[in-house]
file run_16.txt (compact mmCIF, C-alpha atoms)
# COMPACT_ATOMS: atom_id res chain seq x y z
CA MET A 1 0.00 0.00 0.00
CA ILE A 2 3.06 2.25 -0.05
CA ASP A 3 2.49 4.59 -3.00
CA ARG A 4 2.12 8.26 -3.72
CA TYR A 5 -1.29 8.43 -2.01
CA THR A 6 -0.16 6.92 1.29
CA ARG A 7 0.97 9.34 3.96
CA PRO A 8 3.87 8.38 6.20
CA GLU A 9 2.25 10.02 9.23
CA MET A 10 -0.27 7.22 9.70
CA GLY A 11 2.30 4.48 9.31
CA HIS A 12 4.56 6.20 11.84
CA ILE A 13 1.85 6.13 14.50
CA PHE A 14 1.97 2.33 14.50
CA SER A 15 5.76 2.11 14.28
CA LEU A 16 7.85 0.75 17.12
CA GLU A 17 9.63 4.11 17.33
CA ASN A 18 6.38 5.91 18.10
CA LYS A 19 5.17 3.22 20.48
CA TYR A 20 8.45 3.31 22.42
CA ALA A 21 8.36 7.11 22.52
CA ILE A 22 4.91 6.96 24.10
CA TRP A 23 6.07 4.26 26.51
CA GLN A 24 8.94 6.51 27.53
CA GLU A 25 6.63 9.45 28.18
CA ILE A 26 4.25 7.33 30.25
CA GLU A 27 7.08 5.99 32.40
CA VAL A 28 8.53 9.48 32.91
CA LEU A 29 5.12 10.90 33.81
CA ALA A 30 4.59 8.07 36.30
CA CYS A 31 7.91 8.92 37.98
CA GLU A 32 6.95 12.60 38.15
CA ALA A 33 3.59 11.66 39.65
CA GLN A 34 5.26 9.48 42.27
CA ALA A 35 7.64 12.29 43.16
CA GLU A 36 4.78 14.77 43.50
CA LEU A 37 2.78 12.30 45.58
CA GLY A 38 5.73 11.77 47.91
CA LYS A 39 4.70 8.36 49.21
CA ILE A 40 7.73 6.43 47.98
CA GLY A 41 11.40 7.42 48.02
CA ILE A 42 11.69 9.11 44.62
CA THR A 43 12.56 12.80 44.86
CA LYS A 44 11.57 15.54 42.46
CA GLU A 45 15.25 15.88 41.56
CA GLU A 46 15.39 12.21 40.57
CA ALA A 47 12.22 12.61 38.52
CA ALA A 48 13.78 15.59 36.76
CA TRP A 49 16.93 13.53 36.07
CA ILE A 50 14.78 10.77 34.60
CA ARG A 51 12.96 13.30 32.41
CA GLU A 52 16.25 14.71 31.11
CA HIS A 53 18.09 11.44 30.50
CA ALA A 54 15.36 9.01 29.49
CA ALA A 55 15.97 7.61 26.01
CA PHE A 56 15.89 4.39 24.03
CA ASN A 57 17.33 2.87 20.91
CA LYS A 58 15.05 0.59 18.92
CA ASP A 59 17.82 -1.65 17.67
CA GLU A 60 19.16 -2.07 21.18
CA VAL A 61 15.66 -2.89 22.45
CA ASP A 62 15.34 -5.50 19.70
CA ALA A 63 18.65 -7.07 20.68
CA ILE A 64 17.62 -7.31 24.32
CA GLU A 65 14.22 -8.75 23.39
CA ALA A 66 15.94 -11.47 21.36
CA VAL A 67 17.16 -12.74 24.75
CA THR A 68 14.30 -11.84 27.12
CA ASN A 69 11.41 -12.53 24.75
CA HIS A 70 9.51 -9.75 26.56
CA ASP A 71 9.03 -6.41 24.86
CA VAL A 72 8.27 -4.27 27.92
CA ILE A 73 11.17 -5.63 29.99
CA SER A 74 13.50 -5.13 27.03
CA PHE A 75 12.39 -1.55 26.60
CA LEU A 76 12.69 -0.78 30.32
CA THR A 77 16.17 -2.31 30.44
CA ASN A 78 17.31 -0.17 27.53
CA MET A 79 15.69 2.99 28.88
CA GLY A 80 17.24 2.36 32.29
CA GLU A 81 20.70 2.13 30.74
CA TYR A 82 20.32 5.62 29.27
CA ILE A 83 18.92 7.06 32.50
CA ASP A 84 21.80 5.71 34.57
CA LYS A 85 24.59 6.26 32.03
CA GLU A 86 25.86 9.51 33.57
CA VAL A 87 25.14 8.68 37.22
CA PRO A 88 28.39 8.80 39.25
CA GLU A 89 29.76 5.51 40.46
CA GLY A 90 28.36 4.51 43.85
CA GLU A 91 25.31 6.81 43.59
CA PRO A 92 21.78 5.31 43.65
CA LYS A 93 20.44 4.61 40.18
CA PRO A 94 17.36 6.72 39.35
CA SER A 95 16.12 4.05 36.95
CA ARG A 96 15.02 1.96 39.93
CA TRP A 97 11.89 4.12 40.15
CA VAL A 98 10.84 3.48 36.54
CA HIS A 99 7.77 1.20 36.24
CA PHE A 100 7.42 1.20 40.04
CA GLY A 101 4.22 -0.68 40.99
CA MET A 102 3.16 -1.00 37.37
CA THR A 103 2.41 -4.00 35.18
CA SER A 104 3.06 -4.36 31.47
CA SER A 105 -0.51 -3.66 30.44
CA ASP A 106 -0.50 -0.40 32.38
CA LEU A 107 2.13 0.76 29.96
CA GLY A 108 1.01 -1.05 26.82
CA ASP A 109 -2.72 -0.41 26.99
CA THR A 110 -2.40 3.25 27.90
CA ALA A 111 0.06 3.75 25.06
CA LEU A 112 -2.14 1.85 22.62
CA CYS A 113 -5.14 4.02 23.40
CA TYR A 114 -2.97 7.09 22.88
CA GLN A 115 -1.87 5.72 19.49
CA LEU A 116 -5.48 5.07 18.53
CA VAL A 117 -6.36 8.65 19.44
CA GLN A 118 -3.47 9.89 17.28
CA ALA A 119 -4.63 7.74 14.37
CA THR A 120 -8.29 8.66 14.77
CA ASP A 121 -7.38 12.35 14.65
CA ILE A 122 -5.94 11.81 11.17
CA ILE A 123 -9.02 9.92 9.99
CA ILE A 124 -11.27 12.66 11.41
CA GLU A 125 -9.45 15.25 9.32
CA ASP A 126 -9.59 12.96 6.27
CA CYS A 127 -13.33 12.58 6.67
CA ARG A 128 -13.87 16.29 7.21
CA LYS A 129 -11.89 17.21 4.08
CA LEU A 130 -13.71 14.76 1.82
CA GLY A 131 -17.06 15.85 3.23
CA GLU A 132 -16.29 19.48 2.44
CA ILE A 133 -15.32 18.54 -1.12
CA CYS A 134 -18.55 16.60 -1.59
CA LYS A 135 -20.61 19.52 -0.30
CA ARG A 136 -18.84 21.95 -2.63
CA ARG A 137 -19.30 19.72 -5.64
CA ALA A 138 -22.96 19.21 -4.77
CA PHE A 139 -23.61 22.92 -5.24
CA GLU A 140 -21.45 23.02 -8.36
CA GLU A 141 -23.65 20.34 -9.94
CA ARG A 142 -26.91 21.45 -8.35
CA GLU A 143 -28.63 21.86 -11.74
CA THR A 144 -26.86 19.11 -13.71
CA LEU A 145 -29.72 16.88 -14.82
CA CYS A 146 -29.27 13.14 -14.72
CA VAL A 147 -31.44 10.08 -14.34
CA GLY A 148 -31.90 8.46 -10.95
CA ARG A 149 -31.65 4.68 -10.84
CA THR A 150 -33.24 2.15 -8.50
CA HIS A 151 -32.28 -1.52 -8.81
CA GLY A 152 -29.90 -0.28 -11.53
CA ILE A 153 -32.93 0.68 -13.66
CA HIS A 154 -33.86 4.20 -14.74
CA ALA A 155 -36.32 5.69 -12.25
CA GLU A 156 -36.95 9.46 -12.25
CA PRO A 157 -34.93 12.60 -13.06
CA MET A 158 -32.66 14.06 -10.40
CA THR A 159 -29.53 16.21 -10.42
CA PHE A 160 -25.96 15.01 -10.11
CA GLY A 161 -25.42 17.42 -7.25
CA MET A 162 -27.72 15.27 -5.14
CA LYS A 163 -25.25 12.39 -5.40
CA PHE A 164 -22.46 14.53 -4.00
CA GLY A 165 -24.86 15.89 -1.37
CA SER A 166 -25.87 12.42 -0.24
CA TRP A 167 -22.21 11.49 0.16
CA ALA A 168 -21.60 14.67 2.16
CA TRP A 169 -24.41 13.87 4.62
CA GLU A 170 -23.14 10.32 5.10
CA LEU A 171 -19.60 11.54 5.69
CA LYS A 172 -20.92 13.98 8.29
CA ARG A 173 -22.52 11.07 10.13
CA ASP A 174 -19.22 9.20 9.87
CA LEU A 175 -17.44 12.25 11.24
CA ASP A 176 -19.77 12.43 14.23
CA ARG A 177 -19.26 8.72 14.91
CA LEU A 178 -15.48 9.06 14.61
CA ILE A 179 -15.43 11.93 17.10
CA ASP A 180 -17.52 9.86 19.51
CA ALA A 181 -15.33 6.78 18.99
CA ARG A 182 -12.22 8.87 19.65
CA ALA A 183 -13.63 9.87 23.02
CA ASN A 184 -14.64 6.28 23.70
CA VAL A 185 -11.10 4.98 23.21
CA ALA A 186 -9.22 7.84 24.91
CA PHE A 187 -8.67 5.94 28.16
CA GLY A 188 -5.64 5.02 30.20
CA ALA A 189 -5.09 2.60 33.06
CA ILE A 190 -2.26 2.32 35.57
CA SER A 191 -3.84 0.15 38.21
CA GLY A 192 -1.54 -2.81 38.70
CA ALA A 193 -1.69 -6.53 38.08
CA VAL A 194 -5.46 -7.02 38.33
CA GLY A 195 -6.69 -3.44 38.62
CA THR A 196 -6.68 -3.14 42.42
CA TYR A 197 -3.94 -0.48 42.70
CA SER A 198 -2.21 -2.91 45.05
CA SER A 199 1.22 -1.36 44.55
CA ILE A 200 0.47 2.04 43.05
CA ASP A 201 -1.62 5.00 44.13
CA PRO A 202 -4.54 5.93 41.81
CA PHE A 203 -3.08 9.46 41.73
CA VAL A 204 -0.37 8.19 39.40
CA GLU A 205 -2.96 6.95 36.92
CA GLU A 206 -4.88 10.23 37.09
CA TYR A 207 -1.72 12.29 36.66
CA VAL A 208 -0.44 10.32 33.67
CA CYS A 209 -3.82 10.27 31.91
CA GLU A 210 -4.39 13.99 32.45
CA HIS A 211 -1.03 14.85 30.91
CA LEU A 212 -1.70 12.58 27.93
CA GLY A 213 -5.18 13.96 27.34
CA LEU A 214 -6.79 10.65 28.31
CA VAL A 215 -9.44 9.70 30.87
CA HIS A 216 -8.50 7.17 33.54
CA ASP A 217 -10.42 3.92 33.23
CA PRO A 218 -12.86 3.75 36.17
CA LEU A 219 -12.30 0.01 36.55
CA SER A 220 -9.73 -1.85 34.53
CA THR A 221 -8.84 -5.46 35.26
CA GLN A 222 -5.31 -5.79 34.01
CA VAL A 223 -6.33 -4.46 30.63
CA ILE A 224 -8.57 -1.71 29.33
CA SER A 225 -11.67 -3.58 28.19
CA ARG A 226 -11.64 -4.22 24.46
CA ASP A 227 -15.21 -3.04 23.92
CA HIS A 228 -13.62 0.42 23.57
CA HIS A 229 -11.47 -0.83 20.71
CA ALA A 230 -14.28 -2.85 19.15
CA TYR A 231 -16.52 0.21 19.00
CA LEU A 232 -13.80 2.17 17.25
CA ALA A 233 -13.18 -0.69 14.81
CA GLY A 234 -16.89 -0.80 14.04
CA VAL A 235 -16.91 2.93 13.31
CA LEU A 236 -13.88 2.53 11.05
CA ALA A 237 -15.71 -0.26 9.24
CA THR A 238 -18.81 1.89 8.81
CA THR A 239 -16.68 4.74 7.48
CA ALA A 240 -14.95 2.34 5.10
CA ALA A 241 -18.39 1.24 3.90
CA THR A 242 -19.21 4.87 3.10
CA CYS A 243 -15.99 5.13 1.10
CA GLU A 244 -16.93 1.93 -0.70
CA ARG A 245 -20.39 3.31 -1.48
CA ILE A 246 -18.90 6.41 -3.11
CA ALA A 247 -16.31 4.38 -5.02
CA THR A 248 -18.90 1.86 -6.23
CA GLU A 249 -21.11 4.63 -7.59
CA ILE A 250 -18.21 6.19 -9.47
CA ARG A 251 -17.25 2.78 -10.89
CA ASN A 252 -20.80 2.21 -12.08
CA LEU A 253 -21.01 5.66 -13.63
CA GLN A 254 -17.72 5.10 -15.46
CA LYS A 255 -18.92 1.97 -17.26
CA THR A 256 -18.74 2.46 -21.03
CA ASP A 257 -22.48 1.85 -21.31
CA THR A 258 -23.19 4.65 -18.81
CA LEU A 259 -20.18 7.02 -18.90
CA GLU A 260 -21.61 9.87 -16.86
CA ALA A 261 -18.49 10.28 -14.72
CA GLU A 262 -14.88 9.21 -14.83
CA GLU A 263 -11.82 9.09 -12.62
CA PRO A 264 -9.13 11.62 -13.54
CA PHE A 265 -6.81 10.06 -16.13
CA LYS A 266 -3.36 11.65 -16.17
CA LYS A 267 -1.32 12.36 -19.24
CA GLY A 268 0.92 9.37 -19.77
CA GLN A 269 -1.26 7.05 -17.70
CA LYS A 270 -1.86 3.58 -19.13
CA GLY A 271 -5.07 1.60 -18.68
CA SER A 272 -4.25 -1.86 -19.97
CA SER A 273 -1.17 -3.75 -21.10
CA ALA A 274 -3.17 -5.34 -23.91
CA MET A 275 -5.81 -2.74 -24.82
CA PRO A 276 -4.45 0.80 -25.23
CA HIS A 277 -7.95 2.31 -25.32
CA LYS A 278 -8.78 1.37 -21.73
CA ARG A 279 -9.43 3.98 -19.00
CA ASN A 280 -10.20 1.82 -15.99
CA PRO A 281 -11.56 2.97 -12.58
CA ILE A 282 -8.59 1.39 -10.85
CA THR A 283 -8.43 3.82 -7.92
CA MET A 284 -12.06 3.30 -6.99
CA GLU A 285 -11.65 -0.45 -7.39
CA LYS A 286 -8.78 -0.25 -4.92
CA VAL A 287 -10.96 1.66 -2.45
CA CYS A 288 -13.62 -1.05 -2.69
CA GLY A 289 -11.04 -3.77 -2.12
CA LEU A 290 -9.46 -2.09 0.91
CA SER A 291 -12.91 -1.55 2.41
CA ARG A 292 -13.20 -5.32 2.69
CA VAL A 293 -10.03 -5.37 4.81
CA VAL A 294 -11.29 -2.71 7.22
CA LYS A 295 -14.70 -4.33 7.55
CA ALA A 296 -13.18 -7.77 8.13
CA ASN A 297 -10.82 -6.38 10.77
CA ALA A 298 -13.79 -5.15 12.77
CA GLN A 299 -14.65 -8.78 13.42
CA VAL A 300 -11.18 -9.26 14.91
CA ALA A 301 -11.88 -6.42 17.33
CA PHE A 302 -15.23 -7.92 18.34
CA ASP A 303 -13.55 -11.28 18.97
CA ASN A 304 -10.94 -9.55 21.15
CA VAL A 305 -13.54 -8.38 23.70
CA ALA A 306 -13.94 -11.77 25.41
CA LEU A 307 -10.71 -12.54 27.27
CA TRP A 308 -10.06 -15.10 30.00
CA HIS A 309 -10.79 -13.73 33.48
CA GLU A 310 -8.86 -10.49 34.10
CA ARG A 311 -6.60 -10.84 31.07
CA ASP A 312 -4.96 -13.06 28.52
CA ILE A 313 -2.98 -12.03 25.44
CA SER A 314 -5.03 -13.65 22.69
CA HIS A 315 -6.11 -10.16 21.66
CA SER A 316 -2.62 -8.70 21.49
CA SER A 317 -1.20 -10.39 18.41
CA ALA A 318 -4.42 -9.94 16.44
CA GLU A 319 -4.91 -6.26 17.18
CA ARG A 320 -1.31 -5.37 16.41
CA VAL A 321 -2.05 -6.40 12.83
CA ALA A 322 -5.70 -5.44 12.49
CA GLN A 323 -5.58 -1.97 14.03
CA ALA A 324 -2.59 -0.73 12.07
CA ASP A 325 -3.88 -2.23 8.83
CA SER A 326 -7.35 -0.72 9.27
CA PHE A 327 -6.10 2.78 9.98
CA ILE A 328 -3.47 2.76 7.24
CA ALA A 329 -5.95 1.33 4.73
CA LEU A 330 -8.71 3.79 5.61
CA ASP A 331 -6.35 6.76 5.50
CA HIS A 332 -5.20 5.59 2.07
CA MET A 333 -8.79 5.19 0.91
CA PHE A 334 -9.55 8.76 1.94
CA GLN A 335 -6.51 10.08 0.08
CA CYS A 336 -7.64 8.26 -3.06
CA LEU A 337 -11.24 9.46 -2.76
CA THR A 338 -10.24 13.03 -2.03
CA ARG A 339 -8.22 13.16 -5.23
CA VAL A 340 -10.84 11.44 -7.38
CA VAL A 341 -13.97 13.18 -6.07
CA ASP A 342 -12.32 16.59 -6.23
CA GLY A 343 -11.25 15.98 -9.83
CA LEU A 344 -14.13 13.76 -10.94
CA ILE A 345 -14.77 14.25 -14.66
CA LEU A 346 -18.46 14.63 -15.47
CA TYR A 347 -20.22 14.26 -18.82
CA PRO A 348 -23.50 16.26 -18.65
CA GLU A 349 -24.35 15.60 -22.31
CA GLN A 350 -24.09 11.87 -21.74
CA MET A 351 -26.28 12.28 -18.65
CA LYS A 352 -28.85 14.01 -20.84
CA ALA A 353 -28.63 11.26 -23.46
CA ASN A 354 -29.12 8.60 -20.76
CA LEU A 355 -32.06 10.57 -19.39
CA ASN A 356 -33.75 10.31 -22.79
CA LYS A 357 -32.61 6.78 -23.53
CA THR A 358 -35.93 5.15 -22.64
CA ARG A 359 -37.98 7.55 -24.79
CA GLY A 360 -39.83 9.15 -21.89
CA LEU A 361 -40.53 6.11 -19.72
CA ILE A 362 -39.05 7.89 -16.69
CA PHE A 363 -42.08 10.21 -16.65
CA SER A 364 -44.54 7.36 -16.04
CA SER A 365 -45.13 8.14 -12.36
CA LYS A 366 -46.32 11.66 -13.13
CA VAL A 367 -48.61 10.35 -15.88
CA LEU A 368 -50.11 7.86 -13.44
CA LEU A 369 -50.95 10.61 -10.94
CA ALA A 370 -52.32 12.92 -13.63
CA LEU A 371 -54.65 10.18 -14.88
CA VAL A 372 -55.97 9.61 -11.38
CA GLU A 373 -56.63 13.35 -11.05
CA THR A 374 -58.87 13.19 -14.14
CA GLY A 375 -61.25 10.90 -12.25
CA ILE A 376 -60.36 7.32 -13.19
CA THR A 377 -59.27 4.73 -10.64
CA ARG A 378 -55.65 4.09 -9.84
CA GLU A 379 -55.96 0.53 -11.17
CA GLU A 380 -57.30 1.78 -14.51
CA ALA A 381 -54.63 4.46 -14.69
CA TYR A 382 -51.87 1.96 -13.88
CA ALA A 383 -53.04 -0.36 -16.65
CA ILE A 384 -53.01 2.44 -19.24
CA VAL A 385 -49.55 3.65 -18.23
CA GLN A 386 -47.98 0.21 -17.95
CA GLU A 387 -49.38 -1.04 -21.27
CA ASN A 388 -47.98 1.92 -23.18
CA ALA A 389 -44.72 1.84 -21.19
CA MET A 390 -44.11 -1.83 -21.97
CA ALA A 391 -44.77 -1.24 -25.67
CA THR A 392 -42.20 1.56 -25.61
CA TRP A 393 -39.76 -0.58 -23.64
CA ARG A 394 -39.89 -3.39 -26.18
CA GLU A 395 -38.92 -0.97 -28.92
CA VAL A 396 -36.12 0.51 -26.81
CA GLN A 397 -34.89 -2.98 -25.96
CA GLN A 398 -34.80 -4.03 -29.61
CA CYS A 399 -33.32 -0.72 -30.77
CA ALA A 400 -36.28 -0.61 -33.13
CA GLY A 401 -38.04 2.41 -34.53
CA GLY A 402 -41.40 3.46 -33.22
CA THR A 403 -42.97 6.20 -31.22
CA THR A 404 -42.09 7.68 -27.84
CA PHE A 405 -43.94 6.94 -24.64
CA ARG A 406 -45.71 10.27 -24.87
CA GLU A 407 -46.76 9.69 -28.48
CA LYS A 408 -48.22 6.34 -27.53
CA LEU A 409 -50.20 7.94 -24.71
CA GLU A 410 -51.54 10.64 -27.01
CA ALA A 411 -52.65 7.97 -29.45
CA ASP A 412 -54.43 5.99 -26.72
CA PRO A 413 -58.11 7.06 -26.45
CA ARG A 414 -58.14 5.93 -22.81
CA CYS A 415 -55.58 8.61 -21.85
CA THR A 416 -57.58 11.50 -20.41
CA VAL A 417 -54.66 13.83 -19.68
CA ALA A 418 -54.69 17.06 -21.67
CA SER A 419 -51.82 17.86 -24.03
CA GLU A 420 -50.87 20.94 -22.01
CA LYS A 421 -50.59 18.82 -18.90
CA LEU A 422 -48.40 16.32 -20.77
CA ASP A 423 -46.09 19.20 -21.74
CA GLU A 424 -45.67 19.91 -18.06
CA ILE A 425 -45.25 16.27 -17.08
CA PHE A 426 -42.61 15.50 -19.71
CA ASP A 427 -40.36 18.32 -18.52
CA PRO A 428 -37.73 16.76 -16.22
CA TRP A 429 -37.65 19.90 -14.08
CA ASP A 430 -41.27 19.24 -13.13
CA PHE A 431 -39.86 16.48 -10.90
CA LEU A 432 -37.49 18.92 -9.23
CA THR A 433 -39.72 21.78 -8.11
CA ARG A 434 -38.90 21.05 -4.46
CA ILE A 435 -35.20 20.38 -4.86
CA ASP A 436 -34.36 23.69 -3.20
CA ARG A 437 -35.46 22.14 0.08
CA VAL A 438 -32.74 19.51 -0.31
CA PHE A 439 -30.03 22.06 -1.01
CA ASP A 440 -31.22 24.45 1.70
CA ARG A 441 -30.62 21.66 4.20
CA LEU A 442 -27.25 20.92 2.65
CA GLU A 443 -26.29 24.57 2.95
CA GLU A 444 -26.58 24.23 6.73
CA LEU A 445 -24.31 21.17 6.86
CA GLU A 446 -21.07 21.95 8.69
CA PHE A 447 -17.92 19.90 8.87

call {"tool": "encode", "arguments": {"input": "run_16.txt", "output": "structure tokens"}}
result
Amino acid sequence: MIDRYTRPEMGHIFSLENKYAIWQEIEVLACEAQAELGKIGITKEEAAWIREHAAFNKDEVDAIEAVTNHDVISFLTNMGEYIDKEVPEGEPKPSRWVHFGMTSSDLGDTALCYQLVQATDIIIEDCRKLGEICKRRAFEERETLCVGRTHGIHAEPMTFGMKFGSWAWELKRDLDRLIDARANVAFGAISGAVGTYSSIDPFVEEYVCEHLGLVHDPLSTQVISRDHHAYLAGVLATTAATCERIATEIRNLQKTDTLEAEEPFKKGQKGSSAMPHKRNPITMEKVCGLSRVVKANAQVAFDNVALWHERDISHSSAERVAQADSFIALDHMFQCLTRVVDGLILYPEQMKANLNKTRGLIFSSKVLLALVETGITREEAYAIVQENAMATWREVQQCAGGTTFREKLEADPRCTVASEKLDEIFDPWDFLTRIDRVFDRLEELEF
């Protein structure tokens, strides 16, 4: 997934370097909290020394872990070496206060939640940017006529701006869910081996969380419950589904038989190794494919909620893969969509041709209502409209000559709708007399 549309910032969040940097900050904050609390022997001077000298080297941590087979112990060993490096011989080692009364999950889970907050912040901005683009393009194409489709079949006239507007509203709902999910995962826990604070004062937890912008978990076991993470994963999956919806629509509209919209195609770009004429919707196909990854990873998060008793580590290996992959994939999807939606090529003349492709069949609903208004029953009106519509459809289907739907109605003595009324009905804008209501609402949408 490393290409010109993938940003390094998201990948860095899930790197070991970033994780270790957060671990270091948590351990330093815990020492400062202990010094401020004054219940154990660490002095404020020692805490300041730890702050100034704390460091790590990833390669050195890896080398230690090759022996210990324990990532937290390896990190703490390496960090302690840097803290104590300049301590005079015979003096007490300040590193002895690092990780005092803590367990591995206190460090790992608090750091993980902080990483998830960092990553969610990027996705929130991605979502906001794409939503703003969709809203802008909605107003740009407010009066671009096109045919609406249900079940893939021509239905009634609409405007292309409504497509962009619908995407904007859905992205706003995604944005609201992402903001809520960010708050739901912004927790930290430093409560000891089974959450009883047996060897550490709750003040330390509160201090560390406050400085990290997290909320202390009101009752952790040894881990922060994975329902927090599952909720976030579900929101990511829902957001990915929105991205897939947009991409699927663009793919459908780019089909040769439809060709109402098209991905930007750069000068020098190639579409097929065998067929030089091809302009394929490859970027939107990629978005649809990556959506499957994000949605599938949500199931991993749901399965991680049920752990044995106060903790096991069956969740750990799975979430290290699933969480990073989901965030990196979704960020990449947003970058692709932002580029394509912003530069989406539209073909209004083709939209108009498609609108007229069925020789007026798309006006059948208005004819039905007009017939009923003349005094006949709905059943009688439906029979008249459907009979003439099917006759028109057969000619359209066979690419045969013949008359339009309106001409057939005018030739049918059962049709009691006046010619002037038919003029009104067969104007596509007659379907859109209330469209301002839709765009007035969209005008109020804020990202």

call {"tool": "atom_distance", "arguments": {"input": "run_16.txt", "atom1": "CA of Pro92 in chain A", "atom2": "CA of Leu212 in chain A"}}
result
29.2 Å

call {"tool": "residues_near_point", "arguments": {"input": "run_16.txt", "point": "(-2.8, -10.9, 24.6)", "cutoff": "12 Å", "atoms": "all atoms listed in the file", "output": "ChimeraX atom specification"}}
result
/A:104-105,108-109,222-224,226,304-308,310-320

call {"tool": "write_last_selection", "arguments": {"input": "run_16.txt", "atoms": "C-alpha atoms", "output": "mmCIF file, in the coordinates of the input"}}
result
data_model
loop_
_atom_site.group_PDB
_atom_site.id
_atom_site.type_symbol
_atom_site.label_atom_id
_atom_site.label_comp_id
_atom_site.auth_asym_id
_atom_site.auth_seq_id
_atom_site.Cartn_x
_atom_site.Cartn_y
_atom_site.Cartn_z
ATOM 1 C CA SER A 104 3.060 -4.360 31.470
ATOM 2 C CA SER A 105 -0.510 -3.660 30.440
ATOM 3 C CA GLY A 108 1.010 -1.050 26.820
ATOM 4 C CA ASP A 109 -2.720 -0.410 26.990
ATOM 5 C CA GLN A 222 -5.310 -5.790 34.010
ATOM 6 C CA VAL A 223 -6.330 -4.460 30.630
ATOM 7 C CA ILE A 224 -8.570 -1.710 29.330
ATOM 8 C CA ARG A 226 -11.640 -4.220 24.460
ATOM 9 C CA ASN A 304 -10.940 -9.550 21.150
ATOM 10 C CA VAL A 305 -13.540 -8.380 23.700
ATOM 11 C CA ALA A 306 -13.940 -11.770 25.410
ATOM 12 C CA LEU A 307 -10.710 -12.540 27.270
ATOM 13 C CA TRP A 308 -10.060 -15.100 30.000
ATOM 14 C CA GLU A 310 -8.860 -10.490 34.100
ATOM 15 C CA ARG A 311 -6.600 -10.840 31.070
ATOM 16 C CA ASP A 312 -4.960 -13.060 28.520
ATOM 17 C CA ILE A 313 -2.980 -12.030 25.440
ATOM 18 C CA SER A 314 -5.030 -13.650 22.690
ATOM 19 C CA HIS A 315 -6.110 -10.160 21.660
ATOM 20 C CA SER A 316 -2.620 -8.700 21.490
ATOM 21 C CA SER A 317 -1.200 -10.390 18.410
ATOM 22 C CA ALA A 318 -4.420 -9.940 16.440
ATOM 23 C CA GLU A 319 -4.910 -6.260 17.180
ATOM 24 C CA ARG A 320 -1.310 -5.370 16.410
#

call {"tool": "closest_atom_pairs", "arguments": {"input": "run_16.txt", "of": "range 88-160 of chain A", "to": "range 175-199 of chain A", "cutoff": "6 Å", "atoms": "all atoms listed in the file", "output": "Markdown table"}}
result
| residue | atom | partner | partner_atom | distance |
| --- | --- | --- | --- | --- |
| A:Gly101 | CA | A:Ser199 | CA | 4.7 |
| A:Met102 | CA | A:Gly192 | CA | 5.2 |
| A:Thr103 | CA | A:Gly192 | CA | 5.4 |
| A:Asp106 | CA | A:Ile190 | CA | 4.5 |
| A:Thr110 | CA | A:Gly188 | CA | 4.3 |
| A:Cys113 | CA | A:Ala186 | CA | 5.8 |
| A:Val117 | CA | A:Arg182 | CA | 5.9 |

call {"tool": "residues_around", "arguments": {"input": "run_16.txt", "residues": "Ile246 in chain A", "least_positions_apart": "2", "cutoff": "12 Å", "atoms": "all atoms listed in the file", "output": "ChimeraX atom specification"}}
result
/A:130-131,134,163-168,170-171,239-244,248-253,283-285,287-288,291,333-334,336-338,340-341,344

call {"tool": "atom_distance", "arguments": {"input": "run_16.txt", "atom1": "CA of Thr77 in chain A", "atom2": "CA of Ala48 in chain A"}}
result
19.1 Å

call {"tool": "atom_distance", "arguments": {"input": "run_16.txt", "atom1": "CA of Val28 in chain A", "atom2": "CA of Arg51 in chain A"}}
result
5.9 Å

call {"tool": "closest_residue", "arguments": {"input": "run_16.txt", "among": "A:Glu210, A:Glu407, A:Glu446, A:Glu91", "to": "Leu29 in chain A", "atoms": "all atoms listed in the file"}}
result
A:Glu210

call {"tool": "residues_around", "arguments": {"input": "run_16.txt", "residues": "Ile50 in chain A", "least_positions_apart": "5", "cutoff": "10 Å", "atoms": "only C-alpha atoms", "output": "PDB file with C-alpha atoms, keeping the file's coordinate frame"}}
result
ATOM      1  CA  GLU A  27       7.080   5.990  32.400  1.00  0.00           C
ATOM      2  CA  VAL A  28       8.530   9.480  32.910  1.00  0.00           C
ATOM      3  CA  LEU A  29       5.120  10.900  33.810  1.00  0.00           C
ATOM      4  CA  CYS A  31       7.910   8.920  37.980  1.00  0.00           C
ATOM      5  CA  GLU A  32       6.950  12.600  38.150  1.00  0.00           C
ATOM      6  CA  LYS A  44      11.570  15.540  42.460  1.00  0.00           C
ATOM      7  CA  GLU A  45      15.250  15.880  41.560  1.00  0.00           C
ATOM      8  CA  ALA A  55      15.970   7.610  26.010  1.00  0.00           C
ATOM      9  CA  MET A  79      15.690   2.990  28.880  1.00  0.00           C
ATOM     10  CA  GLY A  80      17.240   2.360  32.290  1.00  0.00           C
ATOM     11  CA  TYR A  82      20.320   5.620  29.270  1.00  0.00           C
ATOM     12  CA  ILE A  83      18.920   7.060  32.500  1.00  0.00           C
ATOM     13  CA  ASP A  84      21.800   5.710  34.570  1.00  0.00           C
ATOM     14  CA  PRO A  94      17.360   6.720  39.350  1.00  0.00           C
ATOM     15  CA  SER A  95      16.120   4.050  36.950  1.00  0.00           C
ATOM     16  CA  TRP A  97      11.890   4.120  40.150  1.00  0.00           C
ATOM     17  CA  VAL A  98      10.840   3.480  36.540  1.00  0.00           C
TER      18      VAL A  98
END

call {"tool": "closest_residue", "arguments": {"input": "run_16.txt", "among": "A:Glu444, A:Asp412, A:Glu156, A:Glu86", "to": "Phe426 in chain A", "atoms": "all atoms listed in the file"}}
result
A:Glu156

call {"tool": "residues_around", "arguments": {"input": "run_16.txt", "residues": "Arg406 in chain A", "least_positions_apart": "4", "cutoff": "12 Å", "atoms": "all atoms listed in the file", "output": "NGL selection string"}}
result
:A and (358-364 or 366-367 or 385 or 388-389 or 391-392 or 402 or 410-412 or 415 or 417-419 or 421-427)
